[in-house]
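Working notes for the structure below.
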Amino acid sequence: MDFSLNDEQKMMIDTLRRFIAEELHPLEDELEDQGFLAREKAMAVFEKSRELGLYALNMPAELGGGGLSVLDRIICEEQFGHTSDYLIRRAFGNVYEPLLECKGAQVDRWLKPTVAGARTCSIAITESGAGSDAAGIKTNARKTESGWVLNGSKCFISDGEWSDFFLVSAKTGEKEISMFMVDKGLPGFEIGKDQKMMGLRGTPHLELFFDDVVLEDESLLGAQGQGFKLAMGALNVVRLAQVGARAVGKASHVLELMLDYVNERKQFGQKIGDFQMVQQQIADSVIEVNAARWMVYQAAWMLDQGFDAREQIAMVKVLAAETLGKVVDRAVQLFGGMGFCKELPIERYYRDARVYRIFDGTSEIHRTVVARTAMKKGAVLFDVHR
């Protein structure tokens, strides 16, 4: 495994950093203050990103996407972590891998328009009684002669306001889950309230209600009964890319701000960076960010090699999310009173970071996965060669 960056990867990072600095960072304060961004500004961001070929980087090139390897995508996702969730979605897209199961007429109706940015989708798995336990859903779809009838509800559906269709997991048998592409506006499909969050300002998190929603046969994504596999596959990618890599990027961004501050701020006649206790917090942050990054890269490399990386991704989810939490907490402490003020972005990063230990499976659930696998498989999970 060689994780040194080649020239193309360095150029990709430079392009993303420049785009984020010039196009996205100037919008962050407005988004944070208002809780939304004017649609024309959001669309302008999307158009500029698409012109540079930065939209849907995770999708195959033959469909109009970036065609990146998993590792290259992860390198990009780390850079995405340097800005706000809402701006990431508008600029770079949120195209979920299960859409690659589209066949026949589904390709032109749902897949290609989404890769092109003409359509936007959200994945709808979470329910009030089924968060980390994705198999515990109650939403169901009943087969009919002409298609399906969908009933149930979903909650905390990110970006639901912008999406015009949803990838909905539903029970199609007692122990069977399938996935459906459900267009917004169908009779019986109602959008509920936007659940306001402590962080992630601007990104809507909606309730969805399905009351005898009639679906065509064509709405079934993949094979009947394949929904849980598709959902878990999507969540694994989300955990590695949108949680693991972005958490590392966000922690890196905050750590750089910390370094600038401790080298400038003076107390008792010297820079606060000269105090040993401050140096310990900086050192711990540098060590933990690097450790999380290499674990993210290893998991991405494993996926590129065709290996099963479920346990590694579970470890990434825990380490990267908790590293971000520790780094931003230290930042608040080192910035002192200013770290608690809205005048600086540190308190925003602190609020945004907290959910990383919750969404897409809590730290506790992923620790359970790792522990059970370790007890079953032994040293293969942590030894370099077994």
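Simple scheme: letters A, B, ... for chains in structure tokens order, numbers from 1 for residues in each chain, numbers from 1 for ligands in the order shown.
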Legend entry - All residues 6 Å or closer to stretch 92-102 of chain A, only C-alpha atoms, same chain fewer than 3 positions away omitted, as a PyMOL selection string: chain A and resi 54-56+88-89+106-107+111+222+230
Output file for the selection above: C-alpha atoms, as a PDB file, in the first residue's frame:
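What landed in part11.pdb:
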```pdb
ATOM      1  CA  LEU A  54     -16.633  18.462  -9.666  1.00  0.00           C
ATOM      2  CA  TYR A  55     -20.242  17.228  -9.520  1.00  0.00           C
ATOM      3  CA  ALA A  56     -21.038  13.536  -8.838  1.00  0.00           C
ATOM      4  CA  ILE A  88     -21.159  20.339  -0.117  1.00  0.00           C
ATOM      5  CA  ARG A  89     -24.528  19.007  -1.284  1.00  0.00           C
ATOM      6  CA  GLN A 106     -35.030   3.604 -14.872  1.00  0.00           C
ATOM      7  CA  VAL A 107     -31.667   4.795 -16.185  1.00  0.00           C
ATOM      8  CA  LEU A 111     -30.078   7.645 -12.746  1.00  0.00           C
ATOM      9  CA  GLY A 222     -32.834  -3.654  -7.862  1.00  0.00           C
ATOM     10  CA  LEU A 230     -28.531  -1.789  -0.948  1.00  0.00           C
TER      11      LEU A 230
END
```
Can you tell me, as a PDB file with C-alpha atoms, in the first residue's frame, what residues are no more than 10 Å from A:Gly199 when counting only C-alpha atoms, ignoring any on the same chain fewer than 3 positions away?
```pdb
ATOM      1  CA  GLU A  32     -25.209  30.201   9.240  1.00  0.00           C
ATOM      2  CA  ASP A  85     -22.763  20.258   4.747  1.00  0.00           C
ATOM      3  CA  LYS A 196     -34.354  21.928  13.303  1.00  0.00           C
ATOM      4  CA  GLY A 202     -29.230  25.104   6.151  1.00  0.00           C
ATOM      5  CA  THR A 203     -29.565  21.358   5.579  1.00  0.00           C
ATOM      6  CA  GLU A 347     -18.555  27.417  17.904  1.00  0.00           C
ATOM      7  CA  ARG A 348     -20.261  26.409  14.628  1.00  0.00           C
ATOM      8  CA  TYR A 349     -17.700  23.680  14.033  1.00  0.00           C
ATOM      9  CA  TYR A 350     -18.282  22.511  17.605  1.00  0.00           C
ATOM     10  CA  ARG A 351     -22.055  22.213  17.022  1.00  0.00           C
ATOM     11  CA  ASP A 352     -21.659  20.604  13.604  1.00  0.00           C
ATOM     12  CA  ALA A 353     -19.182  18.032  14.923  1.00  0.00           C
ATOM     13  CA  ARG A 354     -21.449  16.566  17.599  1.00  0.00           C
ATOM     14  CA  VAL A 355     -23.761  14.691  15.233  1.00  0.00           C
TER      15      VAL A 355
END
```
Inset, instruction - Using atom CA of A:Ala251 and atom CA of A:Gln281 as the two end points, give the distance in Å to one decimal. - result: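 Computing it gives 13.2 Å between the two atoms.
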Legend entry - All alpha helix (DSSP H) positions in stretch 93-171 of chain A, as a list of chain:residue names: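 Everything in stretch 93-171 of chain A that counts as alpha helix (DSSP H) is A:Ala105, A:Gln106, A:Lys112, A:Pro113, A:Thr114, A:Val115, A:Ala116.
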Legend entry - Within 8 Å of A:Phe209 using only C-alpha atoms, minus same-chain residues under 3 positions, as a PyMOL selection string: chain A and resi 151-154+188-192
If we count only C-alpha atoms and set the cut-off at 12 Å, which residues sit around A:Glu47, ignoring sequence neighbours fewer than 3 positions away in its own chain? Please answer as a compact mmCIF listing (two decimals) with C-alpha atoms, in the first residue's frame.
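File produced: part-v3.txt:
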```
# COMPACT_ATOMS: atom_id res chain seq x y z
CA GLU A 23 -16.87 29.95 -3.96
CA GLU A 40 -30.14 31.54 -7.08
CA LYS A 41 -26.90 31.51 -5.07
CA ALA A 42 -27.17 27.78 -4.48
CA MET A 43 -27.76 27.15 -8.18
CA ALA A 44 -24.81 29.37 -9.09
CA ARG A 50 -20.44 21.24 -12.71
CA GLU A 51 -18.47 23.33 -15.20
CA LEU A 52 -15.26 22.27 -13.43
CA GLY A 53 -16.30 18.61 -13.47
CA LEU A 54 -16.63 18.46 -9.67
CA TYR A 55 -20.24 17.23 -9.52
CA ARG A 90 -25.16 21.92 -3.64
CA ALA A 91 -21.66 22.02 -5.10
CA PHE A 92 -20.65 18.39 -5.34
CA GLY A 93 -23.94 16.49 -5.33
CA ALA A 116 -26.23 15.35 -14.31
CA GLY A 117 -27.74 17.35 -11.44
CA ALA A 118 -31.10 17.73 -13.18
```
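By only C-alpha atoms, and with residues fewer than 5 positions from A:Asn58 along its chain excluded, the set lying at most 7 Å from it is A:Gly65, A:Gly66, A:Gly67, A:Leu68, A:Arg73.
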C-alpha atoms of the current selection, written as a PDB file, in the first residue's frame:
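This is the output file again-v1.pdb:
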```pdb
ATOM      1  CA  GLY A  65     -19.705  11.367 -13.286  1.00  0.00           C
ATOM      2  CA  GLY A  66     -16.130  11.759 -12.106  1.00  0.00           C
ATOM      3  CA  GLY A  67     -15.282   8.064 -12.403  1.00  0.00           C
ATOM      4  CA  LEU A  68     -12.967   8.182  -9.400  1.00  0.00           C
ATOM      5  CA  ARG A  73     -13.079   9.942  -3.960  1.00  0.00           C
TER       6      ARG A  73
END
```
Inset, instruction - To one decimal in Å, tell me the separation between atom CA of A:Ala141 and atom CA of A:Ala170. - result: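 Calculated distance between atom CA of A:Ala141 and atom CA of A:Ala170 is 5.9 Å.
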Inset, instruction - In Å, rounded to a single decimal, give me how far atom CA of A:Ala291 is from atom CA of A:Ala321. - result: 12.3 Å
Contacts of A:Glu311 at 8 Å or less, counting only C-alpha atoms, minus same-chain residues fewer than 6 places along, as a PDB file with N, CA and C atoms, in the first residue's frame?
```
ATOM      1  N   VAL A 369     -20.209  -3.811  16.747  1.00  0.00           N
ATOM      2  CA  VAL A 369     -19.848  -4.545  15.527  1.00  0.00           C
ATOM      3  C   VAL A 369     -18.391  -4.981  15.568  1.00  0.00           C
ATOM      4  N   VAL A 370     -17.506  -4.057  15.933  1.00  0.00           N
ATOM      5  CA  VAL A 370     -16.074  -4.358  15.978  1.00  0.00           C
ATOM      6  C   VAL A 370     -15.783  -5.425  17.032  1.00  0.00           C
ATOM      7  N   THR A 373     -17.057  -8.934  15.974  1.00  0.00           N
ATOM      8  CA  THR A 373     -16.239  -9.497  14.911  1.00  0.00           C
ATOM      9  C   THR A 373     -14.892  -9.941  15.456  1.00  0.00           C
ATOM     10  N   LEU A 381      -8.493  -9.152  12.733  1.00  0.00           N
ATOM     11  CA  LEU A 381      -9.056  -7.816  12.695  1.00  0.00           C
ATOM     12  C   LEU A 381      -8.075  -6.720  13.079  1.00  0.00           C
TER      13      LEU A 381
END
```
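Closest to A:Thr114 among A:Arg330, A:Ser163, A:Val238, A:Glu78 is A:Ser163, based on only C-alpha atoms.
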Inset, instruction - Rank nothing, just name the residue among A:Ala374, A:Phe19, A:Asp360, A:Glu62 nearest to A:Gly131, using only C-alpha atoms. - result: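 Looking at the shortest contact to A:Gly131, the residue is A:Asp360.
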Inset, instruction - Identify, on the basis of only C-alpha atoms, every residue whose closest approach to A:Ile20 does not exceed 9 Å; exclude the query and any residue fewer than 4 positions from it along the same chain; express the result as an MDAnalysis selection string. - result: chainID A and resid 15:16 24:26 79:80 82:83
Inset, instruction - Using only C-alpha atoms, find the one residue out of A:Leu57, A:Ala124, A:Met181, A:Val45 that sits nearest to A:Phe156. - result: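 Using only C-alpha atoms, the shortest distance to A:Phe156 belongs to A:Ala124.
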